[in-house]
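Okay, so here's the structure we're looking at.
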Amino acid sequence: MSSLISISSTLLYTAFVLYLIATIFFSATIRDKRTAIKTKKNTASKIGITLTIIGFISQLGYFITRWMASGHAPVSNLFEVFTFFGMCMVLAFIIIYFIYKLNVLGLFALPIAMIMIAYASMFPTEIAPLVPSLQSHWLYIHVTTVGLAQGILAISFVVGLIYLIRQIDQSARSKRTTWLEIVLYTLFLFVGFIVITTAFNLADYNATFEYTEQNTRITTEYHLPAIAGPKEGTLLTEGVMQPWFEAPGWMQGEEAGRKFNTVIWSVITGTIIYGLVRLIARKRIGAAIQPILKNTKPDLLDEINYRAVAIGFPVFTLGGLIFASIWAQIAWDRFWGWDPKEVWALITWFFYAAYLHLRLSRGWHGERSAWLAVVGFSIIMFNLIVVNLVLAGLHSYA
C-alpha cells in the first residue's frame, strides 16, 4: 500500500510539472503575427498539447493508483476532490483544444488547473477510512460526475475571463475594469493560500487549542498562527501567537474555527502578493495581460463559452441533482434536506439554467455571457471552498 501511495504522489507531481512546461510552450505561441514564425508557433503548440496529454495520463495514473491504495474512489476529501477537479478541467481543455485549436486557452486553463492541484496539496493527503455514509458506490458515481461537470464549466470561466480581458477598455478605470480586477485578485487569494500554508508547513508550526462544545472538552490543532481562535478556546501550546479574536459562534465545530483562520491568512497573503505584482507591473493586472490577447478572436471565445455551459449543465444536472438525490435517499432517508451543500448545488443549477435562458431567449452574447460564466464559476468555488471550510453540514467531510 505504501508503495502505491508513493507512486501515486510521484505521478501527481509529474503531471503538475508537465502542465507547467506545457504552459510555457503555449505562451510561446502568443506573439504578434508580424514577428511570429508560423512553423515555430505550430511546433510550440504541438509540444504544448503533447505534454498536456502526457500530464493528464500521469494524473489519471495518480487517480487509479490512489484508488487501488485506498480501496475507494479518491474523491472523499478536499485534497482528492480538488485534484480530481483539476484533472477534469485539463480533460475538458484537451477536448476543446482539438476542436478549436485555440492556443491561448492553454495559457490560461493550465495555470488555473495547476492552482487547483497546488491548492489541493495544502490539505491533508493521508488516506483515511470512509465515514459510514460515504461507503457506497454512489460516492464515485455522484462525485465524479459533478467533478466532470465542474471541470467543463470551468472552461467556460476561462474563456469568459479571456474574453473580458480582451474586450474591456483598460485605458480608463470603470466599473467593468474594477470588477474584472476583483476576479483576477481572487485568483491571487488561492496563490496566497498555497504560499502561506507551504511556508508554515515547512516551519512545522503547530498550536493546540481546547474549547467546549455541547458540554464536551475538545482539542484542535492550528497549523497557521491563530488570528481567529476557537470560540471561548484556551491556547495550550506555549511560545506561539495568541489569537487576535475568536471565531463567530455560528462557526462552531471541531474544524470550523481553524478553517476560518485559514481563509483569513489566505486573504492577507494573497493581497500582499497581488499588491507586489501590481507594483512591478505598474498597472492593473488585466491591463498588463491585455496586449497578448489582441490577436484572439472574440467570437470564437464566445462560442466556446456557450458550448462549455451547454455540455457542462446537463452533466451537472445528472450528477449534482439526480444522482445526489438518489444517494441522499439511500444514506439519509430523504431526497432533500436543505443542507448547505445541497442548497448551493441547487443555486448553481438555477444559475446555469438562467445563463442558458438569457443567452438563447434574450440574446445575452459576448460580454454579458462572459460575465455570467465568471459569476457561475464563482458560485461553484464558493460551494467547494466556503461551504466546506466555513459552513458546517452533512457534506463537511474534509
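Identifiers in the C-alpha cells: chain A, B, ... in order shown; residue index from 1 per chain; ligand index from 1 in order shown.
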- Task: For Thr52 of chain A, please output as a ChimeraX atom specification all residues within 9 Å (counting only C-alpha atoms; exclusion window: fewer than 5 positions along the same chain).
- Result: /A:15,18-23,47,57,90,94,106,110
Could you save those same residues with C-alpha atoms as a short mmCIF file (atom, residue, chain, number, x, y, z; two decimals), in the first residue's frame?
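As a result, selection_18.cif now contains:
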```cif
data_model
loop_
_atom_site.label_atom_id
_atom_site.label_comp_id
_atom_site.auth_asym_id
_atom_site.auth_seq_id
_atom_site.Cartn_x
_atom_site.Cartn_y
_atom_site.Cartn_z
CA ALA A 15 1.57 15.85 -14.01
CA LEU A 18 4.31 18.71 -17.24
CA TYR A 19 1.39 21.15 -17.11
CA LEU A 20 3.83 23.88 -16.12
CA ILE A 21 6.18 23.14 -19.03
CA ALA A 22 3.21 22.89 -21.42
CA THR A 23 2.08 26.35 -20.30
CA ILE A 47 4.73 20.24 -27.92
CA ILE A 57 -2.28 10.44 -18.40
CA VAL A 90 -7.45 19.52 -18.10
CA ILE A 94 -7.74 18.88 -24.23
CA GLY A 106 -3.81 26.56 -22.71
CA LEU A 110 -3.48 25.04 -17.41
#
```
- Write out as a PyMOL selection string all residues of segment 36-175 of chain A that backbone DSSP assigns to alpha helix (DSSP H). chain A and resi 38-70+78-100+103-121+138-167+175
Expected file: the selected residues, C-alpha atoms, as an mmCIF file, in the first residue's frame:
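Writing done, so here's out-v9.cif:
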```
data_model
loop_
_atom_site.group_PDB
_atom_site.id
_atom_site.type_symbol
_atom_site.label_atom_id
_atom_site.label_comp_id
_atom_site.auth_asym_id
_atom_site.auth_seq_id
_atom_site.Cartn_x
_atom_site.Cartn_y
_atom_site.Cartn_z
ATOM 1 C CA LYS A 38 4.292 30.170 -38.146
ATOM 2 C CA THR A 39 6.372 26.989 -38.163
ATOM 3 C CA LYS A 40 7.795 27.705 -34.712
ATOM 4 C CA LYS A 41 4.341 28.532 -33.348
ATOM 5 C CA ASN A 42 2.952 25.253 -34.687
ATOM 6 C CA THR A 43 5.842 23.338 -33.168
ATOM 7 C CA ALA A 44 5.359 25.035 -29.799
ATOM 8 C CA SER A 45 1.625 24.315 -29.799
ATOM 9 C CA LYS A 46 2.198 20.647 -30.719
ATOM 10 C CA ILE A 47 4.728 20.241 -27.924
ATOM 11 C CA GLY A 48 2.396 22.045 -25.510
ATOM 12 C CA ILE A 49 -0.627 19.845 -26.193
ATOM 13 C CA THR A 50 1.525 16.679 -26.227
ATOM 14 C CA LEU A 51 2.944 17.496 -22.796
ATOM 15 C CA THR A 52 -0.567 18.290 -21.573
ATOM 16 C CA ILE A 53 -1.834 14.879 -22.711
ATOM 17 C CA ILE A 54 1.117 13.097 -21.085
ATOM 18 C CA GLY A 55 0.470 15.096 -17.909
ATOM 19 C CA PHE A 56 -3.192 14.125 -17.976
ATOM 20 C CA ILE A 57 -2.276 10.441 -18.401
ATOM 21 C CA SER A 58 0.109 10.811 -15.466
ATOM 22 C CA GLN A 59 -2.616 12.370 -13.334
ATOM 23 C CA LEU A 60 -5.025 9.653 -14.384
ATOM 24 C CA GLY A 61 -2.381 7.177 -13.198
ATOM 25 C CA TYR A 62 -2.330 9.024 -9.856
ATOM 26 C CA PHE A 63 -6.112 8.669 -9.634
ATOM 27 C CA ILE A 64 -6.042 4.919 -10.383
ATOM 28 C CA THR A 65 -3.147 4.073 -8.051
ATOM 29 C CA ARG A 66 -4.650 6.075 -5.191
ATOM 30 C CA TRP A 67 -7.954 4.266 -5.757
ATOM 31 C CA MET A 68 -6.092 0.941 -5.562
ATOM 32 C CA ALA A 69 -4.301 2.014 -2.380
ATOM 33 C CA SER A 70 -7.417 3.290 -0.604
ATOM 34 C CA LEU A 78 -10.800 18.248 -0.258
ATOM 35 C CA PHE A 79 -7.365 17.056 -1.405
ATOM 36 C CA GLU A 80 -8.885 14.365 -3.577
ATOM 37 C CA VAL A 81 -11.816 16.470 -4.784
ATOM 38 C CA PHE A 82 -9.652 19.376 -5.936
ATOM 39 C CA THR A 83 -7.073 17.154 -7.663
ATOM 40 C CA PHE A 84 -9.915 15.412 -9.489
ATOM 41 C CA PHE A 85 -11.415 18.791 -10.349
ATOM 42 C CA GLY A 86 -8.096 19.899 -11.841
ATOM 43 C CA MET A 87 -7.853 16.666 -13.820
ATOM 44 C CA CYS A 88 -11.363 17.099 -15.249
ATOM 45 C CA MET A 89 -10.532 20.672 -16.183
ATOM 46 C CA VAL A 90 -7.455 19.525 -18.096
ATOM 47 C CA LEU A 91 -9.509 16.821 -19.834
ATOM 48 C CA ALA A 92 -12.098 19.410 -20.908
ATOM 49 C CA PHE A 93 -9.300 21.672 -22.164
ATOM 50 C CA ILE A 94 -7.735 18.876 -24.232
ATOM 51 C CA ILE A 95 -11.046 18.030 -25.913
ATOM 52 C CA ILE A 96 -11.849 21.675 -26.658
ATOM 53 C CA TYR A 97 -8.323 22.313 -27.914
ATOM 54 C CA PHE A 98 -8.622 19.637 -30.601
ATOM 55 C CA ILE A 99 -11.942 21.119 -31.706
ATOM 56 C CA TYR A 100 -10.942 24.796 -31.831
ATOM 57 C CA ASN A 103 -3.530 28.068 -28.053
ATOM 58 C CA VAL A 104 -4.293 30.946 -25.734
ATOM 59 C CA LEU A 105 -6.731 28.697 -23.876
ATOM 60 C CA GLY A 106 -3.807 26.560 -22.705
ATOM 61 C CA LEU A 107 -2.034 29.652 -21.425
ATOM 62 C CA PHE A 108 -4.938 30.312 -19.047
ATOM 63 C CA ALA A 109 -6.614 26.929 -18.433
ATOM 64 C CA LEU A 110 -3.476 25.037 -17.406
ATOM 65 C CA PRO A 111 -2.299 27.587 -14.792
ATOM 66 C CA ILE A 112 -5.768 27.621 -13.215
ATOM 67 C CA ALA A 113 -5.788 23.805 -13.174
ATOM 68 C CA MET A 114 -2.327 23.902 -11.549
ATOM 69 C CA ILE A 115 -3.611 26.328 -8.923
ATOM 70 C CA MET A 116 -6.400 23.853 -8.119
ATOM 71 C CA ILE A 117 -3.921 20.983 -7.793
ATOM 72 C CA ALA A 118 -1.499 23.025 -5.681
ATOM 73 C CA TYR A 119 -4.428 24.246 -3.579
ATOM 74 C CA ALA A 120 -5.458 20.615 -3.028
ATOM 75 C CA SER A 121 -1.979 19.644 -1.858
ATOM 76 C CA TRP A 138 -22.686 6.278 -5.221
ATOM 77 C CA LEU A 139 -19.540 8.002 -3.968
ATOM 78 C CA TYR A 140 -17.778 7.689 -7.311
ATOM 79 C CA ILE A 141 -20.979 7.906 -9.357
ATOM 80 C CA HIS A 142 -22.145 11.186 -7.802
ATOM 81 C CA VAL A 143 -18.878 12.959 -7.010
ATOM 82 C CA THR A 144 -17.034 12.078 -10.214
ATOM 83 C CA THR A 145 -19.981 13.176 -12.356
ATOM 84 C CA VAL A 146 -20.161 16.502 -10.501
ATOM 85 C CA GLY A 147 -16.389 16.921 -10.786
ATOM 86 C CA LEU A 148 -16.519 16.318 -14.533
ATOM 87 C CA ALA A 149 -19.329 18.862 -14.906
ATOM 88 C CA GLN A 150 -17.434 21.449 -12.872
ATOM 89 C CA GLY A 151 -14.287 20.859 -14.941
ATOM 90 C CA ILE A 152 -16.249 21.555 -18.134
ATOM 91 C CA LEU A 153 -17.950 24.614 -16.639
ATOM 92 C CA ALA A 154 -14.525 25.852 -15.514
ATOM 93 C CA ILE A 155 -13.540 26.120 -19.181
ATOM 94 C CA SER A 156 -16.464 28.482 -19.721
ATOM 95 C CA PHE A 157 -14.996 30.609 -16.932
ATOM 96 C CA VAL A 158 -11.540 30.551 -18.501
ATOM 97 C CA VAL A 159 -12.719 31.649 -21.945
ATOM 98 C CA GLY A 160 -15.091 34.163 -20.356
ATOM 99 C CA LEU A 161 -12.179 35.651 -18.433
ATOM 100 C CA ILE A 162 -10.051 35.779 -21.590
ATOM 101 C CA TYR A 163 -12.933 37.487 -23.411
ATOM 102 C CA LEU A 164 -13.298 40.142 -20.721
ATOM 103 C CA ILE A 165 -9.582 40.879 -20.558
ATOM 104 C CA ARG A 166 -9.520 41.060 -24.375
ATOM 105 C CA GLN A 167 -12.571 43.293 -24.808
ATOM 106 C CA LYS A 175 -16.954 49.551 -13.093
#
```
- Message: When you count only C-alpha atoms, which of these residues is closest to Pro230 of chain A: A:Phe316, A:Tyr205, A:Phe260, A:Trp344?
- Response: A:Phe260
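Running DSSP on the backbone and keeping only strand (DSSP E), the residues of segment 215-288 of chain A that qualify are Thr216, Arg217, Ile218, Thr219, Thr220, Glu221, Tyr222, Ala228, Gly229, Thr234, Leu235, Phe245 and Glu246 of chain A.
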Can you pull out every residue within 12 Å of Gly366 of chain A, counting only C-alpha atoms, but drop anything in the same chain fewer than 3 positions away, and send it as a compact mmCIF listing (two decimals) with C-alpha atoms, in the first residue's frame?
```txt
# COMPACT_ATOMS: atom_id res chain seq x y z
CA VAL A 159 -12.72 31.65 -21.94
CA GLY A 160 -15.09 34.16 -20.36
CA LEU A 161 -12.18 35.65 -18.43
CA ILE A 162 -10.05 35.78 -21.59
CA TYR A 163 -12.93 37.49 -23.41
CA LEU A 164 -13.30 40.14 -20.72
CA ARG A 166 -9.52 41.06 -24.38
CA GLN A 167 -12.57 43.29 -24.81
CA ILE A 168 -12.84 45.61 -21.81
CA LYS A 297 -11.00 36.23 -31.91
CA PRO A 298 -13.77 37.34 -29.51
CA ASP A 299 -16.48 35.46 -31.44
CA LEU A 300 -14.57 32.20 -31.05
CA LEU A 301 -14.20 32.75 -27.30
CA ASP A 302 -17.92 33.47 -27.03
CA GLU A 303 -18.77 30.26 -28.87
CA ILE A 304 -16.53 28.13 -26.64
CA ASN A 305 -18.06 29.79 -23.57
CA TYR A 306 -21.54 28.76 -24.66
CA LEU A 358 -30.73 34.50 -21.12
CA ARG A 359 -28.39 33.51 -23.93
CA GLY A 363 -29.62 37.22 -26.78
CA SER A 369 -22.31 35.91 -21.44
CA ALA A 370 -18.67 36.14 -20.30
CA TRP A 371 -19.67 37.85 -17.06
CA LEU A 372 -22.27 35.15 -16.42
CA ALA A 373 -19.62 32.46 -16.89
```
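Picture a line from atom CA of Leu346 of chain A to atom CA of Ile311 of chain A; it runs 17.7 Å.
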- May I have the residues within 12 Å of Ala287 of chain A as number ranges by chain, using only C-alpha atoms and disregarding those fewer than 3 positions away in the same chain? A: 164-173, 177-178, 180-181, 184, 278, 281-284, 290-294
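You will find atom CA of Ile127 of chain A at 18.6 Å from atom CA of Asn388 of chain A.
Minimum distance to Pro340 of chain A across A:Val387, A:Leu236, A:Ile326, A:Ala308 (counting only C-alpha atoms) occurs at A:Val387.
Atom CA of Phe123 of chain A is found 18.8 Å from atom CA of His72 of chain A.
Closest approach to Tyr355 of chain A among A:Leu187, A:Gly337, A:Leu318, A:Phe313: A:Phe313, based on only C-alpha atoms.
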- Message: Calculated over only C-alpha atoms, which of the candidates A:Phe26, A:Leu189, A:Ser8, A:His137 has the smallest distance to Tyr274 of chain A?
- Response: A:Leu189
